[in-house]
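To be precise, the following lines are start.tsv, and they hold TSV, C-alpha atoms and all ligand atoms.
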```
chain	number	residue	atom	x	y	z
I	1	MET	CA	0.00	0.00	0.00
I	2	SER	CA	1.78	3.14	-1.15
I	3	PHE	CA	0.89	6.58	0.22
I	4	ASP	CA	-0.60	9.46	-1.75
I	5	ARG	CA	-3.15	12.20	-1.21
I	6	LYS	CA	-5.15	11.61	-4.38
I	7	ILE	CA	-8.88	11.21	-3.84
I	8	LYS	CA	-9.76	7.59	-3.15
I	9	ILE	CA	-13.35	6.36	-3.16
I	10	ALA	CA	-14.04	3.60	-0.64
I	11	PRO	CA	-17.53	2.13	-1.00
I	12	SER	CA	-18.90	0.77	2.28
I	13	ILE	CA	-20.33	-2.70	1.86
I	14	LEU	CA	-22.73	-1.89	4.69
I	15	SER	CA	-25.00	-0.80	1.83
I	16	ALA	CA	-24.31	-3.90	-0.29
I	17	ASP	CA	-26.37	-7.10	-0.53
I	18	PHE	CA	-25.25	-9.05	2.56
I	19	ALA	CA	-26.11	-12.34	0.83
I	20	ASN	CA	-23.76	-11.52	-2.02
I	21	PHE	CA	-20.63	-9.83	-0.65
I	22	GLY	CA	-18.17	-11.55	-2.98
I	23	ALA	CA	-19.90	-10.42	-6.15
I	24	GLU	CA	-20.58	-6.97	-4.68
I	25	CYS	CA	-16.89	-6.40	-3.89
I	26	GLU	CA	-15.90	-7.51	-7.38
I	27	ALA	CA	-18.54	-5.26	-8.91
I	28	ILE	CA	-17.48	-2.09	-7.07
I	29	GLU	CA	-13.81	-2.66	-7.87
I	30	ALA	CA	-14.64	-3.24	-11.53
I	31	GLN	CA	-16.63	0.00	-11.44
I	32	GLY	CA	-13.73	2.10	-10.13
I	33	ALA	CA	-13.62	1.77	-6.35
I	34	ASP	CA	-10.14	2.42	-4.95
I	35	TRP	CA	-10.60	0.78	-1.55
I	36	VAL	CA	-13.31	-1.48	-0.11
I	37	HIS	CA	-14.58	-0.25	3.28
I	38	VAL	CA	-15.77	-2.98	5.64
I	39	ASP	CA	-17.88	-1.95	8.65
I	40	VAL	CA	-17.65	-4.27	11.66
I	41	MET	CA	-20.26	-3.56	14.36
I	42	ASP	CA	-20.79	-5.35	17.65
I	43	GLY	CA	-24.14	-4.18	19.04
I	44	HIS	CA	-22.26	-2.79	22.04
I	45	PHE	CA	-20.00	0.05	20.90
I	46	VAL	CA	-22.68	0.90	18.31
I	47	PRO	CA	-26.35	-0.07	18.31
I	48	ASN	CA	-26.09	-2.41	15.32
I	49	ILE	CA	-24.43	-5.75	14.51
I	50	THR	CA	-22.84	-6.71	11.20
I	51	PHE	CA	-20.18	-9.44	11.05
I	52	GLY	CA	-16.69	-10.39	12.23
I	53	PRO	CA	-13.33	-11.69	11.06
I	54	THR	CA	-14.65	-14.87	9.42
I	55	THR	CA	-16.71	-12.84	6.98
I	56	CYS	CA	-13.76	-10.51	6.37
I	57	ALA	CA	-11.57	-13.50	5.50
I	58	ALA	CA	-14.23	-14.81	3.12
I	59	ILE	CA	-14.62	-11.53	1.24
I	60	ARG	CA	-10.86	-10.89	1.11
I	61	LYS	CA	-10.65	-13.38	-1.76
I	62	HIS	CA	-12.95	-11.13	-3.78
I	63	ILE	CA	-11.01	-7.88	-3.19
I	64	GLN	CA	-7.92	-7.12	-5.27
I	65	GLY	CA	-7.13	-3.73	-3.74
I	66	VAL	CA	-7.15	-2.35	-0.23
I	67	MET	CA	-9.45	-3.92	2.36
I	68	ASP	CA	-10.18	-1.12	4.84
I	69	VAL	CA	-11.68	-2.57	8.02
I	70	HIS	CA	-13.50	-0.13	10.32
I	71	LEU	CA	-13.98	-1.65	13.75
I	72	MET	CA	-16.96	-0.27	15.64
I	73	ILE	CA	-16.41	-2.68	18.50
I	74	ALA	CA	-15.31	-2.58	22.13
I	75	PRO	CA	-13.03	-4.03	23.28
I	76	VAL	CA	-10.78	-3.98	20.20
I	77	ASP	CA	-7.51	-5.56	21.30
I	78	PRO	CA	-8.60	-9.22	21.60
I	79	TYR	CA	-9.69	-9.21	17.93
I	80	ILE	CA	-6.85	-7.35	16.18
I	81	ASP	CA	-4.87	-10.42	15.20
I	82	ALA	CA	-7.97	-12.11	13.83
I	83	PHE	CA	-8.74	-9.17	11.55
I	84	ALA	CA	-5.11	-8.97	10.45
I	85	ALA	CA	-5.13	-12.70	9.68
I	86	ALA	CA	-8.34	-12.14	7.72
I	87	GLY	CA	-6.31	-9.94	5.38
I	88	ALA	CA	-7.21	-6.42	6.46
I	89	ASP	CA	-4.80	-3.88	4.96
I	90	VAL	CA	-6.04	-1.12	7.26
I	91	ILE	CA	-7.55	-1.72	10.70
I	92	THR	CA	-9.28	1.32	12.19
I	93	ALA	CA	-10.22	1.50	15.85
I	94	HIS	CA	-12.25	4.19	17.59
I	95	LEU	CA	-10.57	6.49	20.07
I	96	GLU	CA	-13.76	6.17	22.15
I	97	ALA	CA	-13.69	2.35	22.22
I	98	GLY	CA	-11.64	2.08	25.40
I	99	PRO	CA	-9.15	3.69	27.74
I	100	HIS	CA	-6.02	2.46	25.93
I	101	ILE	CA	-6.15	3.64	22.34
I	102	HIS	CA	-2.36	4.13	22.33
I	103	ARG	CA	-1.84	0.46	23.12
I	104	THR	CA	-4.47	-0.53	20.55
I	105	LEU	CA	-2.71	1.40	17.78
I	106	GLN	CA	0.61	-0.20	18.72
I	107	ALA	CA	-1.02	-3.62	18.53
I	108	ILE	CA	-2.53	-2.89	15.12
I	109	ARG	CA	0.85	-1.92	13.67
I	110	ALA	CA	2.45	-4.94	15.34
I	111	SER	CA	-0.11	-7.13	13.55
I	112	GLY	CA	1.27	-5.95	10.21
I	113	ALA	CA	-1.77	-3.86	9.25
I	114	LYS	CA	-1.85	-0.10	8.77
I	115	ALA	CA	-3.30	1.62	11.81
I	116	GLY	CA	-6.39	3.81	11.58
I	117	LEU	CA	-7.85	6.03	14.29
I	118	ALA	CA	-11.56	6.91	14.08
I	119	LEU	CA	-13.06	9.94	15.84
I	120	ASN	CA	-16.76	10.20	16.63
I	121	PRO	CA	-18.46	13.52	15.87
I	122	GLY	CA	-18.29	14.51	19.55
I	123	THR	CA	-14.53	13.98	19.83
I	124	PRO	CA	-12.27	16.98	19.13
I	125	ALA	CA	-9.37	16.94	16.66
I	126	SER	CA	-6.97	17.69	19.52
I	127	ALA	CA	-7.58	14.20	20.94
I	128	ALA	CA	-5.61	12.79	18.00
I	129	GLU	CA	-2.57	15.00	18.53
I	130	PRO	CA	-0.55	12.65	20.81
I	131	LEU	CA	-1.18	9.78	18.38
I	132	LEU	CA	-0.18	11.32	15.05
I	133	ASP	CA	3.10	9.45	14.73
I	134	MET	CA	1.47	6.08	15.33
I	135	VAL	CA	-1.32	6.22	12.77
I	136	ASP	CA	-1.55	5.77	9.02
I	137	LEU	CA	-5.10	7.07	8.74
I	138	ILE	CA	-7.51	9.22	10.72
I	139	CYS	CA	-11.18	8.53	10.06
I	140	VAL	CA	-13.43	11.49	10.75
I	141	MET	CA	-16.96	10.26	11.37
I	142	THR	CA	-19.38	12.66	9.74
I	143	VAL	CA	-22.35	10.74	11.19
I	144	ASN	CA	-22.73	8.94	14.49
I	145	PRO	CA	-21.54	5.43	13.70
I	146	GLY	CA	-23.92	2.50	13.48
I	147	PHE	CA	-26.01	2.94	10.36
I	148	GLY	CA	-25.73	3.85	6.71
I	149	GLY	CA	-27.85	6.51	5.07
I	150	GLN	CA	-27.62	9.18	7.77
I	151	LYS	CA	-27.28	12.91	7.25
I	152	PHE	CA	-23.80	14.44	6.97
I	153	ILE	CA	-22.84	16.50	10.06
I	154	HIS	CA	-21.40	19.76	8.72
I	155	SER	CA	-19.67	20.77	11.96
I	156	GLN	CA	-17.05	18.11	11.24
I	157	ILE	CA	-15.56	20.06	8.32
I	158	ASP	CA	-13.60	22.36	10.65
I	159	LYS	CA	-12.29	19.27	12.42
I	160	VAL	CA	-10.95	17.95	9.10
I	161	LYS	CA	-9.17	21.26	8.50
I	162	SER	CA	-7.59	21.16	11.97
I	163	LEU	CA	-6.44	17.58	11.47
I	164	ARG	CA	-5.01	18.36	8.05
I	165	ALA	CA	-2.94	21.20	9.55
I	166	MET	CA	-1.87	19.03	12.48
I	167	ILE	CA	-0.77	16.15	10.20
I	168	GLY	CA	1.56	18.40	8.18
I	169	ASP	CA	3.75	16.27	5.94
I	170	ARG	CA	3.25	13.02	7.84
I	171	PRO	CA	2.02	10.20	5.57
I	172	VAL	CA	-1.39	10.01	7.25
I	173	HIS	CA	-4.62	9.69	5.26
I	174	ILE	CA	-7.73	11.60	6.29
I	175	GLU	CA	-10.80	9.47	5.68
I	176	ILE	CA	-14.38	10.71	5.83
I	177	ASP	CA	-17.12	8.30	6.81
I	178	GLY	CA	-20.82	9.09	6.74
I	179	GLY	CA	-23.15	10.99	4.46
I	180	VAL	CA	-20.61	11.38	1.64
I	181	ASP	CA	-22.27	12.11	-1.71
I	182	PRO	CA	-21.52	14.44	-4.65
I	183	THR	CA	-22.75	17.40	-2.59
I	184	THR	CA	-20.68	16.81	0.54
I	185	ALA	CA	-17.57	15.28	-1.11
I	186	PRO	CA	-16.18	18.65	-2.32
I	187	LEU	CA	-16.54	20.15	1.16
I	188	VAL	CA	-14.36	17.50	2.78
I	189	ALA	CA	-11.91	17.28	-0.13
I	190	ARG	CA	-11.33	21.02	0.14
I	191	ALA	CA	-10.80	20.65	3.89
I	192	GLY	CA	-8.04	18.10	3.29
I	193	ALA	CA	-9.58	14.63	3.16
I	194	ASP	CA	-8.32	12.06	0.65
I	195	VAL	CA	-10.27	8.84	1.38
I	196	LEU	CA	-14.03	9.18	0.93
I	197	VAL	CA	-16.16	6.34	2.28
I	198	ALA	CA	-19.63	6.15	0.76
I	199	GLY	CA	-22.29	3.51	1.28
I	200	SER	CA	-25.75	4.54	0.18
I	201	ALA	CA	-24.47	7.03	-2.40
I	202	VAL	CA	-22.49	4.28	-4.20
I	203	PHE	CA	-24.89	1.34	-4.00
I	204	LYS	CA	-28.13	3.15	-4.82
I	205	GLY	CA	-29.80	2.10	-8.02
I	206	GLY	CA	-27.47	-0.83	-8.79
I	207	SER	CA	-26.72	-4.46	-7.94
I	208	ALA	CA	-23.95	-6.95	-8.59
I	209	ALA	CA	-25.98	-8.12	-11.59
I	210	ALA	CA	-26.51	-4.55	-12.82
I	211	PRO	CA	-23.39	-2.74	-11.62
I	212	ASP	CA	-23.27	0.18	-14.05
I	213	ALA	CA	-25.03	2.41	-11.53
I	214	TYR	CA	-22.16	1.81	-9.10
I	215	GLY	CA	-19.74	3.19	-11.66
I	216	VAL	CA	-21.92	6.23	-12.34
I	217	ASN	CA	-22.23	6.88	-8.61
I	218	ILE	CA	-18.50	6.45	-7.91
I	219	ARG	CA	-17.56	8.76	-10.77
I	220	ALA	CA	-20.03	11.40	-9.60
I	221	ILE	CA	-18.46	11.47	-6.11
I	222	ARG	CA	-14.90	11.44	-7.48
I	223	GLU	CA	-15.53	14.20	-10.00
I	224	ALA	CA	-17.24	16.36	-7.39
I	225	ALA	CA	-14.32	15.90	-4.99
I	226	GLU	CA	-11.63	16.41	-7.62
I	227	GLY	CA	-13.44	19.49	-8.93
I	228	VAL	CA	-12.23	21.49	-5.94
I	229	TYR	CA	-8.70	21.38	-7.35
I	230	ALA	CA	-9.75	22.51	-10.82
U	301	LIG	C1	-21.46	4.14	9.63
U	301	LIG	C2	-20.45	3.40	8.80
U	301	LIG	C3	-20.30	3.95	7.43
U	301	LIG	C4	-21.55	3.86	6.62
U	301	LIG	C5	-21.59	5.01	5.68
U	301	LIG	O1	-21.39	3.70	10.94
U	301	LIG	O2	-19.17	3.44	9.41
U	301	LIG	O3	-19.20	3.36	6.75
U	301	LIG	O4	-21.70	2.69	5.92
U	301	LIG	O5	-22.80	4.96	5.02
U	301	LIG	P1	-23.39	6.20	4.21
U	301	LIG	O6	-22.39	6.52	3.16
U	301	LIG	O7	-24.67	5.68	3.68
U	301	LIG	O8	-23.54	7.33	5.20
U	302	ZN	ZN	-17.31	2.89	8.29
```
Using structure tokens, write down the structure that the file contains.
Ligand code: DX5
Ligand code: ZN
Amino acid sequence: MSFDRKIKIAPSILSADFANFGAECEAIEAQGADWVHVDVMDGHFVPNITFGPTTCAAIRKHIQGVMDVHLMIAPVDPYIDAFAAAGADVITAHLEAGPHIHRTLQAIRASGAKAGLALNPGTPASAAEPLLDMVDLICVMTVNPGFGGQKFIHSQIDKVKSLRAMIGDRPVHIEIDGGVDPTTAPLVARAGADVLVAGSAVFKGGSAAAPDAYGVNIRAIREAAEGVYA
């Protein structure tokens, strides 16, 4: 996984057909997805349950590029090695998931995966400051985690700008998760984000059997985000 700040679109399979993950992952990659974003929820840290490392290992075989695993679970540490063994390229843990995020990030890097730090909307940018040299990605939640299809929280844009300034020239991605569509993508791209997660805005109107809509949706988000540099 090489580092750059080009816009990367990471469809969240939370909005895919759960009975058809393999074909869905292949379809979004064929339609231009850069990364595949995989949302793991435990019904404890967030009020929803999705799946665990066994499912991640199964879908890994259908992903050629980056598998970006977003853990919305607490505790995190007992499961890191299982997600790394499942083939996660990036493992992102929430700062709010426990009292020892520093140790968690160390453990993620020790597992061989890139380390991501996710911040809930109520957590300030400054909370990430002591951790900047131990992360490869900061995920700014622009909705409260747990569900797809929620409304983008605009107050997070200033947080993205603060993080971008704080990161400086460190090779740390800024990822945006929640409510990304062609309207909100330019706002976060301008603020300094490079990885745009999108669930409902990518999967709407398509299916693995009729994937052209995925391509149209991905291109619309990418062009809107890249337009801010034009
Ligand atoms: C929310 C998840 C997101 C979600 C985004 O808890 O982490 O990845 O799938 O979905 P949309 O793009 O529909 O807001
Ligand atoms: Zn996510």
Quick one: everything within 7 Å of I:Gly87, counting only C-alpha atoms, minus sequence neighbours fewer than 3 positions away in the same chain. Send it as a PyMOL selection string. chain I and resi 57+60+83-84
Mind writing the picked residues with C-alpha atoms as a PDB file, in the frame of the given file?
```pdb
ATOM      1  CA  ALA I  57     -11.570 -13.500   5.500  1.00  0.00           C
ATOM      2  CA  ARG I  60     -10.860 -10.890   1.110  1.00  0.00           C
ATOM      3  CA  PHE I  83      -8.740  -9.170  11.550  1.00  0.00           C
ATOM      4  CA  ALA I  84      -5.110  -8.970  10.450  1.00  0.00           C
TER       5      ALA I  84
END
```
Counting all atoms listed in the file, which protein, DNA or RNA residues come within 7 Å of ligand LIG 301 (chain U), given as a VMD selection string? chain I and resid 12 to 15 37 39 70 143 to 150 177 to 180 197 to 201
Restricting the calculation to all atoms listed in the file, which member of I:Leu105, I:Val202, I:Ile157, I:Leu119 is positioned closest to I:Arg219?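 Result for the nearest residue to I:Arg219: I:Val202.
Considering the residues I:Met41, I:Met134, I:Met1, I:Ala185 and counting only C-alpha atoms and all ligand atoms, ligand ZN 302 (chain U) has its shortest atom-to-atom contact with I:Met41.
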Rounded to one decimal, what separation in Å do you get between atom CA of I:Leu196 and atom CA of I:Ile176?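 Here the two named atoms are 5.1 Å from each other.
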Residue with the minimum atom-to-atom distance to I:Ala85, picked from I:Pro171, I:Asn120, I:Ser111, I:Leu71 with all atoms listed in the file counted, is I:Ser111
Report, in Å with one decimal, the straight-line distance from atom CA of I:Ile218 to atom CA of I:Glu175. 15.9 Å
May I have the residues within 8 Å of I:Ala74 as a ChimeraX atom specification, using all atoms listed in the file and disregarding those fewer than 6 positions away in the same chain? /I:42,44-45,97-98
What's the separation between atom CA of I:Tyr229 and atom CA of I:Pro186, in Å to one decimal place?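 Result for atom CA of I:Tyr229 versus atom CA of I:Pro186: 9.4 Å, one decimal.
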List the residues sitting within 6 Å of (-10.5, 2.2, 0.2) in the file's frame, using only C-alpha atoms, as a PDB file with C-alpha atoms, keeping the file's coordinate frame.
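Written out: out38.pdb:
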```pdb
ATOM      1  CA  ALA I  10     -14.040   3.600  -0.640  1.00  0.00           C
ATOM      2  CA  ASP I  34     -10.140   2.420  -4.950  1.00  0.00           C
ATOM      3  CA  TRP I  35     -10.600   0.780  -1.550  1.00  0.00           C
ATOM      4  CA  VAL I  36     -13.310  -1.480  -0.110  1.00  0.00           C
ATOM      5  CA  HIS I  37     -14.580  -0.250   3.280  1.00  0.00           C
ATOM      6  CA  VAL I  66      -7.150  -2.350  -0.230  1.00  0.00           C
ATOM      7  CA  ASP I  68     -10.180  -1.120   4.840  1.00  0.00           C
TER       8      ASP I  68
END
```
Excluding same-chain residues fewer than 3 positions from stretch 206-213 of chain I, what lies within 6 Å of it counting only C-alpha atoms, as a list of chain:residue names? I:Ala23, I:Glu24, I:Ala27, I:Phe203, I:Val216
Return the single residue from I:Ala193, I:Leu131, I:Asp89, I:Gln64 that is closest to I:Arg103, with distances computed using only C-alpha atoms.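 Ranked by minimum distance to I:Arg103, first place goes to I:Leu131.
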